[in-house]
Protein chains: 2
Amino acid sequence: MNGKTDLETLIEMMAKLPGLGPRSARRAVLHLIKKRALLLMPLADQLTRVGQTVRECLNCGNIGTASLCAICESDKRANGELCVVEDVADLWAMERASVFKGRYHVLGGALSALDAVGPEELRIPKLLDRIAAENVSEVILALNATVDGQTTAHYIAEQLEGRIAVTSLAQGVPVGGELDYLDDGTIGAALKARKAV
Amino acid sequence: MNGKTDLETLIEMMAKLPGLGPRSARRAVLHLIKKRALLLMPLADQLTRVGQTVRECLNCGNIGTASLCAICESDKRANGELCVVEDVADLWAMERASVFKGRYHVLGGALSALDAVGPEELRIPKLLDRIAAENVSEVILALNATVDGQTTAHYIAEQLEGRIAVTSLAQGVPVGGELDYLDDGTIGAALKARKAV
Ligand SMILES: [Zn+2]
Ligand SMILES: [Zn+2]
């Protein structure tokens with residue numbers, strides 16, 4: 001129980017976060033310690049609060065504080081358009097672009113032969129349920145322009161063939177690029193120019 | 001009190017950390033939420049623990065859990081050599097290199113005309129006290145090879161002129177470089193080749 005060990009443990013934890021390595025974790029921890037009352041303790045409290053309250057939406061996989069997220073709760077978002085994304089980060093990217101007024105379905109990843117991710121590992125069965133249960137008129141596939149993302153798009157399009165209109169974001173998403181990296185304008189243009197699969 | 005706002009607050013806090021921006025903060029927070037039990041809650045607890053226990057060493061400015069840090073507490077480190085660094089990160093870099101067996105003095109920054117940092121803003125008066133009070137035979141200036149770092153080195157060397165041996169890390173520290181970026185070998189070589197100021 002000495003400070004060095006606690007500190008080292010904290011730095012190791014921070015270093016595991018995506019985007020941080022050992023060096024930036026040390027910098028971040030020193031920065032927090034220097035501003036203990038202003039930054040460190042509020043961050044600890046906020047992490048605890050989020051950890052205790054945040055949960056996955058049972059319907060779409062988005063993050064919220066109730067069994068249904070704010071978007072699934074809102075009748076205004078029930079316009080018949082269902083946007084399928086791989087990850088919550090992609091949902092956030094779509095929302096930041098403020099160009100989509102419908103609801104989302106978060107798959108929780110993409111199909112991957114390499115990582116042995118099949119349809120059962122993703123929220124694909126739930127997607128099919130929703131299309132039947134909710135009044136969905138169009139499924140918009142907003143998946144990453146990666147091999148796995150496009151494999152997933154084709155798989156879903158096949159499942160839905162003849163049942164419902166399926167579109168995907170227009171080219172404009174750079175080949176090999178990930179949705180969460182795009183600027184709002186590119187996302188807006190790609191959504192507007194979406195085409196039937 | 002909805003999850004979106006708590007989440008947004010958390011992301012904003014994370015985005016303020018050095019090395020993280022809004023995008024990497026979002027990624028990090030989503031990563032933490034996905035591994036709530038394994039990562040998020042332990043990180044929150046560890047931050048709280050460090051925030052409650054860690055304090056600044058009253059003698060040298062290092063970080064520890066008591067009024068004196070482990071290095072100031074240890075008689076083995078009282079070899080008469082006092083290594084002056086700008087920041088705790090630099091002290092850690094020296095310790096990682098495992099080449100210095102004496103004690104440290106953390107200034108808490110460097111003199112800067114631009115940022116109006118004078119000797120009183122740094123731990124320079126305390127440095128002079130320590131040289132008188134402790135049995136210091138050599139002051140080793142391990143300051144960054146930046147304009148401010150070298151200005152600070154010259155200022156301290158002037159204060160101590162004729163009173164005690166003052167050395168600085170040898171060239172080997174790249175011009176414009178910062179100590180915390182260096183590999184152990186470079187730090188070791190620079191310490192070995194240290195020269196009188
Ligand atoms: Zn939802
Ligand atoms: Zn100390």
# chains A, B, ... in the order shown; residues from 1 in each chain; ligands from 1
$ residues_near_ligand --ligand "ligand 2" --cutoff "7 Å" --atoms "only C-alpha atoms and all ligand atoms" --output "list in words"
Cys57, Leu58, Asn59, Cys60, Gly61, Asn62, Leu68, Cys69, Ala70, Ile71 and Cys72 of chain B
$ interface_residues --of "chain B" --to "chain A" --cutoff "6 Å" --atoms "only C-alpha atoms" --output "number ranges by chain"
B: 3, 10, 17-19, 24, 28, 44, 46-48, 64-65
$ write_last_selection --atoms "all heavy atoms" --output "PDB file, in the first residue's frame"
ATOM      1  N   GLY B   3     -28.421  10.127 -19.079  1.00  0.00           N
ATOM      2  CA  GLY B   3     -27.133   9.489 -19.378  1.00  0.00           C
ATOM      3  C   GLY B   3     -26.328  10.242 -20.407  1.00  0.00           C
ATOM      4  O   GLY B   3     -25.113  10.286 -20.337  1.00  0.00           O
ATOM      5  N   LEU B  10     -18.350  13.346 -19.091  1.00  0.00           N
ATOM      6  CA  LEU B  10     -17.195  12.461 -18.940  1.00  0.00           C
ATOM      7  C   LEU B  10     -16.259  12.580 -20.147  1.00  0.00           C
ATOM      8  O   LEU B  10     -15.032  12.673 -20.000  1.00  0.00           O
ATOM      9  CB  LEU B  10     -17.666  11.011 -18.764  1.00  0.00           C
ATOM     10  CG  LEU B  10     -16.563   9.959 -18.647  1.00  0.00           C
ATOM     11  CD1 LEU B  10     -15.651  10.258 -17.465  1.00  0.00           C
ATOM     12  CD2 LEU B  10     -17.170   8.568 -18.518  1.00  0.00           C
ATOM     13  N   LEU B  17      -7.483  15.827 -21.171  1.00  0.00           N
ATOM     14  CA  LEU B  17      -6.209  15.226 -20.769  1.00  0.00           C
ATOM     15  C   LEU B  17      -5.175  15.410 -21.870  1.00  0.00           C
ATOM     16  O   LEU B  17      -5.501  15.333 -23.053  1.00  0.00           O
ATOM     17  CB  LEU B  17      -6.385  13.739 -20.470  1.00  0.00           C
ATOM     18  CG  LEU B  17      -7.249  13.400 -19.263  1.00  0.00           C
ATOM     19  CD1 LEU B  17      -7.366  11.891 -19.101  1.00  0.00           C
ATOM     20  CD2 LEU B  17      -6.665  14.004 -18.004  1.00  0.00           C
ATOM     21  N   PRO B  18      -3.912  15.664 -21.493  1.00  0.00           N
ATOM     22  CA  PRO B  18      -2.881  15.791 -22.522  1.00  0.00           C
ATOM     23  C   PRO B  18      -2.780  14.492 -23.315  1.00  0.00           C
ATOM     24  O   PRO B  18      -2.800  13.413 -22.740  1.00  0.00           O
ATOM     25  CB  PRO B  18      -1.605  16.052 -21.714  1.00  0.00           C
ATOM     26  CG  PRO B  18      -1.903  15.617 -20.321  1.00  0.00           C
ATOM     27  CD  PRO B  18      -3.378  15.776 -20.134  1.00  0.00           C
ATOM     28  N   GLY B  19      -2.721  14.605 -24.627  1.00  0.00           N
ATOM     29  CA  GLY B  19      -2.604  13.420 -25.475  1.00  0.00           C
ATOM     30  C   GLY B  19      -3.940  12.920 -26.001  1.00  0.00           C
ATOM     31  O   GLY B  19      -3.981  12.110 -26.908  1.00  0.00           O
ATOM     32  N   SER B  24     -10.518  10.809 -29.520  1.00  0.00           N
ATOM     33  CA  SER B  24      -9.923   9.726 -28.743  1.00  0.00           C
ATOM     34  C   SER B  24     -10.595   9.623 -27.377  1.00  0.00           C
ATOM     35  O   SER B  24     -10.681   8.527 -26.810  1.00  0.00           O
ATOM     36  CB  SER B  24      -8.411   9.911 -28.612  1.00  0.00           C
ATOM     37  OG  SER B  24      -8.083  11.235 -28.290  1.00  0.00           O
ATOM     38  N   ALA B  28     -12.125   6.245 -25.954  1.00  0.00           N
ATOM     39  CA  ALA B  28     -11.703   5.736 -24.650  1.00  0.00           C
ATOM     40  C   ALA B  28     -12.913   5.482 -23.748  1.00  0.00           C
ATOM     41  O   ALA B  28     -12.988   4.449 -23.077  1.00  0.00           O
ATOM     42  CB  ALA B  28     -10.737   6.730 -23.985  1.00  0.00           C
ATOM     43  N   ALA B  44     -12.078   4.159 -11.995  1.00  0.00           N
ATOM     44  CA  ALA B  44     -12.692   5.163 -11.123  1.00  0.00           C
ATOM     45  C   ALA B  44     -12.183   5.006  -9.687  1.00  0.00           C
ATOM     46  O   ALA B  44     -11.816   5.988  -9.034  1.00  0.00           O
ATOM     47  CB  ALA B  44     -14.214   5.032 -11.169  1.00  0.00           C
ATOM     48  N   GLN B  46      -9.399   3.557  -8.690  1.00  0.00           N
ATOM     49  CA  GLN B  46      -7.969   3.830  -8.600  1.00  0.00           C
ATOM     50  C   GLN B  46      -7.704   5.335  -8.612  1.00  0.00           C
ATOM     51  O   GLN B  46      -6.834   5.818  -7.888  1.00  0.00           O
ATOM     52  CB  GLN B  46      -7.238   3.143  -9.760  1.00  0.00           C
ATOM     53  CG  GLN B  46      -5.737   3.018  -9.573  1.00  0.00           C
ATOM     54  CD  GLN B  46      -5.370   2.128  -8.394  1.00  0.00           C
ATOM     55  OE1 GLN B  46      -6.158   1.305  -7.958  1.00  0.00           O
ATOM     56  NE2 GLN B  46      -4.178   2.332  -7.863  1.00  0.00           N
ATOM     57  N   LEU B  47      -8.455   6.061  -9.431  1.00  0.00           N
ATOM     58  CA  LEU B  47      -8.327   7.521  -9.458  1.00  0.00           C
ATOM     59  C   LEU B  47      -8.672   8.096  -8.086  1.00  0.00           C
ATOM     60  O   LEU B  47      -7.963   8.961  -7.566  1.00  0.00           O
ATOM     61  CB  LEU B  47      -9.265   8.110 -10.514  1.00  0.00           C
ATOM     62  CG  LEU B  47      -8.752   8.119 -11.955  1.00  0.00           C
ATOM     63  CD1 LEU B  47      -9.886   8.414 -12.916  1.00  0.00           C
ATOM     64  CD2 LEU B  47      -7.641   9.163 -12.122  1.00  0.00           C
ATOM     65  N   THR B  48      -9.749   7.597  -7.500  1.00  0.00           N
ATOM     66  CA  THR B  48     -10.159   8.072  -6.181  1.00  0.00           C
ATOM     67  C   THR B  48      -9.057   7.788  -5.161  1.00  0.00           C
ATOM     68  O   THR B  48      -8.676   8.659  -4.370  1.00  0.00           O
ATOM     69  CB  THR B  48     -11.466   7.372  -5.752  1.00  0.00           C
ATOM     70  OG1 THR B  48     -12.454   7.603  -6.751  1.00  0.00           O
ATOM     71  CG2 THR B  48     -11.959   7.901  -4.414  1.00  0.00           C
ATOM     72  N   GLY B  64       4.421  11.323  -3.645  1.00  0.00           N
ATOM     73  CA  GLY B  64       4.460  10.177  -2.743  1.00  0.00           C
ATOM     74  C   GLY B  64       3.194  10.125  -1.926  1.00  0.00           C
ATOM     75  O   GLY B  64       2.193  10.736  -2.300  1.00  0.00           O
ATOM     76  N   THR B  65       3.238   9.378  -0.834  1.00  0.00           N
ATOM     77  CA  THR B  65       2.043   9.279  -0.002  1.00  0.00           C
ATOM     78  C   THR B  65       2.275   9.838   1.401  1.00  0.00           C
ATOM     79  O   THR B  65       1.380   9.807   2.229  1.00  0.00           O
ATOM     80  CB  THR B  65       1.593   7.811   0.140  1.00  0.00           C
ATOM     81  OG1 THR B  65       2.722   7.021   0.494  1.00  0.00           O
ATOM     82  CG2 THR B  65       1.010   7.300  -1.155  1.00  0.00           C
TER      83      THR B  65
END
$ calpha_fit_and_write --fixed "chain A" --moving "chain B" --output "mmCIF file with C-alpha atoms, in the first residue's frame"
data_model
loop_
_atom_site.group_PDB
_atom_site.id
_atom_site.type_symbol
_atom_site.label_atom_id
_atom_site.label_comp_id
_atom_site.auth_asym_id
_atom_site.auth_seq_id
_atom_site.Cartn_x
_atom_site.Cartn_y
_atom_site.Cartn_z
ATOM 1 C CA MET B 1 -0.070 -0.233 -0.050
ATOM 2 C CA ASN B 2 2.412 2.420 -1.128
ATOM 3 C CA GLY B 3 1.778 5.353 -3.474
ATOM 4 C CA LYS B 4 4.184 4.130 -6.109
ATOM 5 C CA THR B 5 2.242 0.929 -6.629
ATOM 6 C CA ASP B 6 -1.154 2.664 -6.683
ATOM 7 C CA LEU B 7 0.240 5.212 -9.115
ATOM 8 C CA GLU B 8 1.762 2.523 -11.316
ATOM 9 C CA THR B 9 -1.525 0.639 -11.332
ATOM 10 C CA LEU B 10 -3.368 3.796 -12.356
ATOM 11 C CA ILE B 11 -0.866 4.516 -15.139
ATOM 12 C CA GLU B 12 -1.172 0.952 -16.422
ATOM 13 C CA MET B 13 -4.962 1.274 -16.506
ATOM 14 C CA MET B 14 -4.781 4.569 -18.377
ATOM 15 C CA ALA B 15 -2.189 3.169 -20.806
ATOM 16 C CA LYS B 16 -4.693 0.495 -21.871
ATOM 17 C CA LEU B 17 -7.153 3.085 -23.166
ATOM 18 C CA PRO B 18 -7.313 3.396 -26.954
ATOM 19 C CA GLY B 19 -5.227 6.371 -28.054
ATOM 20 C CA LEU B 20 -3.020 6.365 -24.962
ATOM 21 C CA GLY B 21 0.279 4.553 -24.478
ATOM 22 C CA PRO B 22 2.543 4.280 -21.432
ATOM 23 C CA ARG B 23 4.100 7.705 -21.987
ATOM 24 C CA SER B 24 0.886 9.617 -22.578
ATOM 25 C CA ALA B 25 -0.697 7.747 -19.659
ATOM 26 C CA ARG B 26 2.102 8.965 -17.362
ATOM 27 C CA ARG B 27 1.617 12.518 -18.652
ATOM 28 C CA ALA B 28 -2.138 12.319 -18.174
ATOM 29 C CA VAL B 29 -1.837 10.957 -14.625
ATOM 30 C CA LEU B 30 0.697 13.618 -13.606
ATOM 31 C CA HIS B 31 -1.591 16.256 -15.088
ATOM 32 C CA LEU B 32 -4.519 14.873 -13.071
ATOM 33 C CA ILE B 33 -2.480 14.760 -9.858
ATOM 34 C CA LYS B 34 -1.367 18.359 -10.325
ATOM 35 C CA LYS B 35 -5.011 19.404 -10.623
ATOM 36 C CA ARG B 36 -6.407 16.992 -8.091
ATOM 37 C CA ALA B 37 -9.424 18.991 -6.908
ATOM 38 C CA LEU B 38 -10.178 20.452 -10.318
ATOM 39 C CA LEU B 39 -9.647 17.391 -12.528
ATOM 40 C CA LEU B 40 -8.743 14.139 -10.797
ATOM 41 C CA MET B 41 -11.509 13.828 -8.217
ATOM 42 C CA PRO B 42 -14.252 15.114 -10.568
ATOM 43 C CA LEU B 43 -13.096 12.619 -13.220
ATOM 44 C CA ALA B 44 -13.179 9.765 -10.700
ATOM 45 C CA ASP B 45 -16.685 10.790 -9.601
ATOM 46 C CA GLN B 46 -17.912 11.168 -13.168
ATOM 47 C CA LEU B 47 -16.566 7.742 -14.139
ATOM 48 C CA THR B 48 -18.339 6.232 -11.143
ATOM 49 C CA ARG B 49 -21.569 8.042 -12.023
ATOM 50 C CA VAL B 50 -21.467 6.914 -15.655
ATOM 51 C CA GLY B 51 -20.488 3.386 -14.632
ATOM 52 C CA GLN B 52 -23.461 3.193 -12.283
ATOM 53 C CA THR B 53 -26.092 4.741 -14.529
ATOM 54 C CA VAL B 54 -25.256 4.054 -18.156
ATOM 55 C CA ARG B 55 -26.732 0.986 -19.825
ATOM 56 C CA GLU B 56 -27.264 -0.461 -23.255
ATOM 57 C CA CYS B 57 -30.606 0.212 -24.951
ATOM 58 C CA LEU B 58 -32.409 -3.128 -25.156
ATOM 59 C CA ASN B 59 -33.867 -2.166 -28.513
ATOM 60 C CA CYS B 60 -31.045 -0.636 -30.554
ATOM 61 C CA GLY B 61 -27.810 -1.113 -28.603
ATOM 62 C CA ASN B 62 -27.244 2.624 -28.128
ATOM 63 C CA ILE B 63 -26.097 3.899 -24.747
ATOM 64 C CA GLY B 64 -28.545 5.518 -22.337
ATOM 65 C CA THR B 65 -29.732 5.441 -18.767
ATOM 66 C CA ALA B 66 -32.949 3.462 -19.165
ATOM 67 C CA SER B 67 -33.939 0.186 -20.818
ATOM 68 C CA LEU B 68 -34.762 2.242 -23.918
ATOM 69 C CA CYS B 69 -32.470 5.010 -25.155
ATOM 70 C CA ALA B 70 -33.716 8.550 -25.847
ATOM 71 C CA ILE B 71 -33.897 7.898 -29.604
ATOM 72 C CA CYS B 72 -35.953 4.706 -29.240
ATOM 73 C CA GLU B 73 -38.169 6.487 -26.688
ATOM 74 C CA SER B 74 -38.878 9.414 -29.020
ATOM 75 C CA ASP B 75 -41.925 9.040 -31.318
ATOM 76 C CA LYS B 76 -40.439 11.745 -33.530
ATOM 77 C CA ARG B 77 -37.670 9.365 -34.557
ATOM 78 C CA ALA B 78 -40.146 6.669 -35.686
ATOM 79 C CA ASN B 79 -40.179 7.825 -39.327
ATOM 80 C CA GLY B 80 -39.739 4.342 -40.748
ATOM 81 C CA GLU B 81 -36.020 4.771 -41.442
ATOM 82 C CA LEU B 82 -33.663 2.470 -39.592
ATOM 83 C CA CYS B 83 -29.953 3.207 -39.812
ATOM 84 C CA VAL B 84 -27.699 0.226 -39.122
ATOM 85 C CA VAL B 85 -24.245 1.051 -37.699
ATOM 86 C CA GLU B 86 -21.420 -1.087 -36.400
ATOM 87 C CA ASP B 87 -20.756 0.782 -33.202
ATOM 88 C CA VAL B 88 -22.118 3.429 -30.823
ATOM 89 C CA ALA B 89 -19.271 5.717 -31.974
ATOM 90 C CA ASP B 90 -20.755 5.562 -35.494
ATOM 91 C CA LEU B 91 -24.228 6.390 -34.152
ATOM 92 C CA TRP B 92 -22.700 9.414 -32.415
ATOM 93 C CA ALA B 93 -20.974 10.434 -35.673
ATOM 94 C CA MET B 94 -24.339 10.263 -37.507
ATOM 95 C CA GLU B 95 -26.024 12.282 -34.754
ATOM 96 C CA ARG B 96 -23.283 14.929 -34.836
ATOM 97 C CA ALA B 97 -23.902 15.312 -38.574
ATOM 98 C CA SER B 98 -27.600 16.029 -37.760
ATOM 99 C CA VAL B 99 -28.744 14.659 -41.120
ATOM 100 C CA PHE B 100 -30.657 11.554 -40.088
ATOM 101 C CA LYS B 101 -34.036 11.765 -38.381
ATOM 102 C CA GLY B 102 -34.899 8.079 -37.976
ATOM 103 C CA ARG B 103 -33.786 5.403 -35.559
ATOM 104 C CA TYR B 104 -30.633 3.315 -35.292
ATOM 105 C CA HIS B 105 -29.595 -0.244 -34.868
ATOM 106 C CA VAL B 106 -26.128 -0.836 -33.431
ATOM 107 C CA LEU B 107 -24.712 -4.194 -34.542
ATOM 108 C CA GLY B 108 -21.889 -4.213 -32.011
ATOM 109 C CA GLY B 109 -19.239 -4.852 -34.655
ATOM 110 C CA ALA B 110 -18.961 -6.352 -38.119
ATOM 111 C CA LEU B 111 -18.887 -9.892 -39.453
ATOM 112 C CA SER B 112 -15.319 -11.147 -39.521
ATOM 113 C CA ALA B 113 -14.064 -14.524 -40.684
ATOM 114 C CA LEU B 114 -10.682 -13.719 -39.176
ATOM 115 C CA ASP B 115 -12.041 -12.911 -35.722
ATOM 116 C CA ALA B 116 -14.761 -15.586 -35.975
ATOM 117 C CA VAL B 117 -17.568 -13.042 -35.634
ATOM 118 C CA GLY B 118 -20.755 -14.553 -37.065
ATOM 119 C CA PRO B 119 -24.287 -13.098 -37.266
ATOM 120 C CA GLU B 120 -25.097 -14.524 -33.796
ATOM 121 C CA GLU B 121 -22.254 -12.509 -32.235
ATOM 122 C CA LEU B 122 -23.783 -9.313 -33.639
ATOM 123 C CA ARG B 123 -27.236 -7.796 -33.035
ATOM 124 C CA ILE B 124 -28.458 -9.124 -36.414
ATOM 125 C CA PRO B 125 -31.294 -11.379 -35.154
ATOM 126 C CA LYS B 126 -32.623 -8.420 -33.152
ATOM 127 C CA LEU B 127 -32.448 -6.291 -36.329
ATOM 128 C CA LEU B 128 -34.701 -8.770 -38.149
ATOM 129 C CA ASP B 129 -37.104 -8.762 -35.172
ATOM 130 C CA ARG B 130 -37.272 -4.974 -35.208
ATOM 131 C CA ILE B 131 -38.039 -4.772 -38.916
ATOM 132 C CA ALA B 132 -41.003 -7.064 -38.306
ATOM 133 C CA ALA B 133 -42.148 -5.401 -35.083
ATOM 134 C CA GLU B 134 -41.567 -1.715 -35.827
ATOM 135 C CA ASN B 135 -43.015 0.054 -38.808
ATOM 136 C CA VAL B 136 -39.736 0.107 -40.757
ATOM 137 C CA SER B 137 -39.920 1.144 -44.420
ATOM 138 C CA GLU B 138 -36.213 1.473 -45.202
ATOM 139 C CA VAL B 139 -33.037 0.029 -43.768
ATOM 140 C CA ILE B 140 -30.026 2.273 -44.321
ATOM 141 C CA LEU B 141 -26.732 0.465 -43.972
ATOM 142 C CA ALA B 142 -24.162 2.917 -42.600
ATOM 143 C CA LEU B 143 -21.329 0.467 -42.128
ATOM 144 C CA ASN B 144 -17.632 1.182 -42.392
ATOM 145 C CA ALA B 145 -16.125 1.051 -45.907
ATOM 146 C CA THR B 146 -13.848 -1.767 -44.783
ATOM 147 C CA VAL B 147 -13.861 -5.382 -46.003
ATOM 148 C CA ASP B 148 -15.668 -6.528 -42.851
ATOM 149 C CA GLY B 149 -18.142 -3.647 -42.974
ATOM 150 C CA GLN B 150 -19.039 -4.332 -46.595
ATOM 151 C CA THR B 151 -19.259 -8.099 -45.982
ATOM 152 C CA THR B 152 -21.717 -7.327 -43.201
ATOM 153 C CA ALA B 153 -23.698 -4.968 -45.448
ATOM 154 C CA HIS B 154 -24.031 -7.642 -48.125
ATOM 155 C CA TYR B 155 -25.048 -10.259 -45.580
ATOM 156 C CA ILE B 156 -27.798 -8.037 -44.152
ATOM 157 C CA ALA B 157 -28.960 -7.004 -47.647
ATOM 158 C CA GLU B 158 -29.285 -10.684 -48.542
ATOM 159 C CA GLN B 159 -31.299 -11.431 -45.413
ATOM 160 C CA LEU B 160 -33.709 -8.611 -46.220
ATOM 161 C CA GLU B 161 -33.921 -9.102 -49.987
ATOM 162 C CA GLY B 162 -37.484 -8.700 -51.261
ATOM 163 C CA ARG B 163 -38.795 -7.865 -47.789
ATOM 164 C CA ILE B 164 -37.887 -4.200 -47.463
ATOM 165 C CA ALA B 165 -35.972 -1.348 -49.115
ATOM 166 C CA VAL B 166 -32.305 -1.579 -48.219
ATOM 167 C CA THR B 167 -29.954 1.280 -49.016
ATOM 168 C CA SER B 168 -26.396 2.070 -48.109
ATOM 169 C CA LEU B 169 -24.506 5.315 -47.672
ATOM 170 C CA ALA B 170 -23.307 6.629 -51.032
ATOM 171 C CA GLN B 171 -19.725 6.574 -52.125
ATOM 172 C CA GLY B 172 -18.216 9.550 -50.470
ATOM 173 C CA VAL B 173 -17.160 7.384 -47.583
ATOM 174 C CA PRO B 174 -13.464 6.991 -48.449
ATOM 175 C CA VAL B 175 -12.424 3.434 -49.285
ATOM 176 C CA GLY B 176 -10.890 1.849 -46.210
ATOM 177 C CA GLY B 177 -12.145 4.706 -44.086
ATOM 178 C CA GLU B 178 -14.126 4.517 -40.882
ATOM 179 C CA LEU B 179 -17.350 6.404 -40.313
ATOM 180 C CA ASP B 180 -16.324 7.921 -37.020
ATOM 181 C CA TYR B 181 -13.452 9.782 -38.751
ATOM 182 C CA LEU B 182 -15.621 11.620 -41.277
ATOM 183 C CA ASP B 183 -16.624 15.246 -41.204
ATOM 184 C CA ASP B 184 -20.324 16.126 -40.996
ATOM 185 C CA GLY B 185 -20.488 17.320 -44.614
ATOM 186 C CA THR B 186 -19.204 14.031 -45.997
ATOM 187 C CA ILE B 187 -21.661 12.064 -43.869
ATOM 188 C CA GLY B 188 -24.478 14.327 -44.989
ATOM 189 C CA ALA B 189 -23.608 13.988 -48.682
ATOM 190 C CA ALA B 190 -23.256 10.218 -48.409
ATOM 191 C CA LEU B 191 -26.634 9.898 -46.703
ATOM 192 C CA LYS B 192 -28.343 12.095 -49.296
ATOM 193 C CA ALA B 193 -26.887 10.089 -52.202
ATOM 194 C CA ARG B 194 -27.666 6.725 -50.653
ATOM 195 C CA LYS B 195 -28.550 4.043 -53.191
ATOM 196 C CA ALA B 196 -30.404 0.732 -53.281
ATOM 197 C CA VAL B 197 -28.188 -2.283 -52.561
#
$ select_by_dssp --residues "chain B" --states "helix (DSSP H, G or I)" --output "number ranges by chain"
B: 3-15, 22-34, 36-53, 70-73, 75-77, 88-97, 119-121, 124-133, 147-160, 179-181, 184-192
$ select_by_dssp --residues "region 6-183 of chain A" --states "strand (DSSP E or B)" --output "list of chain:residue names"
A:Arg55, A:Glu56, A:Ile63, A:Gly64, A:Glu81, A:Leu82, A:Cys83, A:Val84, A:Val85, A:Arg103, A:Tyr104, A:His105, A:Val106, A:Ser112, A:Val117, A:Glu138, A:Val139, A:Ile140, A:Leu141, A:Ala165, A:Val166, A:Thr167, A:Ser168, A:Gln171, A:Val173
$ write_last_selection --atoms "N, CA and C atoms" --output "mmCIF file, in the first residue's frame"
data_model
loop_
_atom_site.group_PDB
_atom_site.id
_atom_site.type_symbol
_atom_site.label_atom_id
_atom_site.label_comp_id
_atom_site.auth_asym_id
_atom_site.auth_seq_id
_atom_site.Cartn_x
_atom_site.Cartn_y
_atom_site.Cartn_z
ATOM 1 N N ARG A 55 -26.379 2.234 -19.407
ATOM 2 C CA ARG A 55 -26.660 0.869 -19.832
ATOM 3 C C ARG A 55 -26.977 0.831 -21.327
ATOM 4 N N GLU A 56 -26.976 -0.382 -21.858
ATOM 5 C CA GLU A 56 -27.227 -0.567 -23.277
ATOM 6 C C GLU A 56 -28.730 -0.568 -23.537
ATOM 7 N N ILE A 63 -26.313 3.629 -26.164
ATOM 8 C CA ILE A 63 -26.038 3.787 -24.742
ATOM 9 C C ILE A 63 -26.993 4.806 -24.137
ATOM 10 N N GLY A 64 -27.544 4.490 -23.004
ATOM 11 C CA GLY A 64 -28.468 5.402 -22.331
ATOM 12 C C GLY A 64 -28.522 5.097 -20.852
ATOM 13 N N GLU A 81 -37.380 5.046 -40.977
ATOM 14 C CA GLU A 81 -36.001 4.829 -41.425
ATOM 15 C C GLU A 81 -35.188 4.226 -40.284
ATOM 16 N N LEU A 82 -34.488 3.156 -40.600
ATOM 17 C CA LEU A 82 -33.666 2.492 -39.592
ATOM 18 C C LEU A 82 -32.226 2.439 -40.106
ATOM 19 N N CYS A 83 -31.348 3.106 -39.400
ATOM 20 C CA CYS A 83 -29.947 3.202 -39.824
ATOM 21 C C CYS A 83 -29.117 2.174 -39.056
ATOM 22 N N VAL A 84 -28.491 1.275 -39.772
ATOM 23 C CA VAL A 84 -27.706 0.204 -39.150
ATOM 24 C C VAL A 84 -26.236 0.619 -39.096
ATOM 25 N N VAL A 85 -25.665 0.644 -37.894
ATOM 26 C CA VAL A 85 -24.255 0.995 -37.729
ATOM 27 C C VAL A 85 -23.526 -0.136 -36.996
ATOM 28 N N ARG A 103 -34.330 6.150 -36.669
ATOM 29 C CA ARG A 103 -33.753 5.413 -35.539
ATOM 30 C C ARG A 103 -32.543 4.607 -35.996
ATOM 31 N N TYR A 104 -31.851 4.030 -35.027
ATOM 32 C CA TYR A 104 -30.616 3.299 -35.295
ATOM 33 C C TYR A 104 -30.741 1.841 -34.875
ATOM 34 N N HIS A 105 -29.832 1.062 -35.433
ATOM 35 C CA HIS A 105 -29.614 -0.279 -34.901
ATOM 36 C C HIS A 105 -28.106 -0.516 -34.856
ATOM 37 N N VAL A 106 -27.588 -0.723 -33.661
ATOM 38 C CA VAL A 106 -26.147 -0.906 -33.467
ATOM 39 C C VAL A 106 -25.827 -2.399 -33.485
ATOM 40 N N SER A 112 -16.868 -11.105 -39.378
ATOM 41 C CA SER A 112 -15.448 -11.257 -39.647
ATOM 42 C C SER A 112 -15.070 -12.729 -39.611
ATOM 43 N N VAL A 117 -16.481 -13.846 -36.156
ATOM 44 C CA VAL A 117 -17.702 -13.139 -35.764
ATOM 45 C C VAL A 117 -18.789 -13.484 -36.773
ATOM 46 N N GLU A 138 -37.527 1.566 -44.517
ATOM 47 C CA GLU A 138 -36.228 1.560 -45.204
ATOM 48 C C GLU A 138 -35.120 1.267 -44.201
ATOM 49 N N VAL A 139 -34.260 0.367 -44.593
ATOM 50 C CA VAL A 139 -33.076 0.082 -43.782
ATOM 51 C C VAL A 139 -31.866 0.719 -44.472
ATOM 52 N N ILE A 140 -31.211 1.628 -43.774
ATOM 53 C CA ILE A 140 -30.042 2.310 -44.328
ATOM 54 C C ILE A 140 -28.792 1.709 -43.706
ATOM 55 N N LEU A 141 -27.970 1.095 -44.522
ATOM 56 C CA LEU A 141 -26.758 0.470 -43.997
ATOM 57 C C LEU A 141 -25.633 1.509 -43.969
ATOM 58 N N ALA A 165 -37.053 -2.024 -48.439
ATOM 59 C CA ALA A 165 -36.033 -1.240 -49.144
ATOM 60 C C ALA A 165 -34.750 -1.193 -48.315
ATOM 61 N N VAL A 166 -33.650 -1.561 -48.931
ATOM 62 C CA VAL A 166 -32.357 -1.506 -48.243
ATOM 63 C C VAL A 166 -31.439 -0.582 -49.027
ATOM 64 N N THR A 167 -30.921 0.433 -48.369
ATOM 65 C CA THR A 167 -29.987 1.346 -49.020
ATOM 66 C C THR A 167 -28.683 1.351 -48.243
ATOM 67 N N SER A 168 -27.667 1.924 -48.858
ATOM 68 C CA SER A 168 -26.427 2.096 -48.115
ATOM 69 C C SER A 168 -25.920 3.509 -48.349
ATOM 70 N N GLN A 171 -21.141 6.299 -52.023
ATOM 71 C CA GLN A 171 -19.691 6.531 -52.078
ATOM 72 C C GLN A 171 -19.458 7.974 -51.706
ATOM 73 N N VAL A 173 -17.862 7.913 -48.648
ATOM 74 C CA VAL A 173 -17.106 7.286 -47.561
ATOM 75 C C VAL A 173 -15.828 6.749 -48.207
#
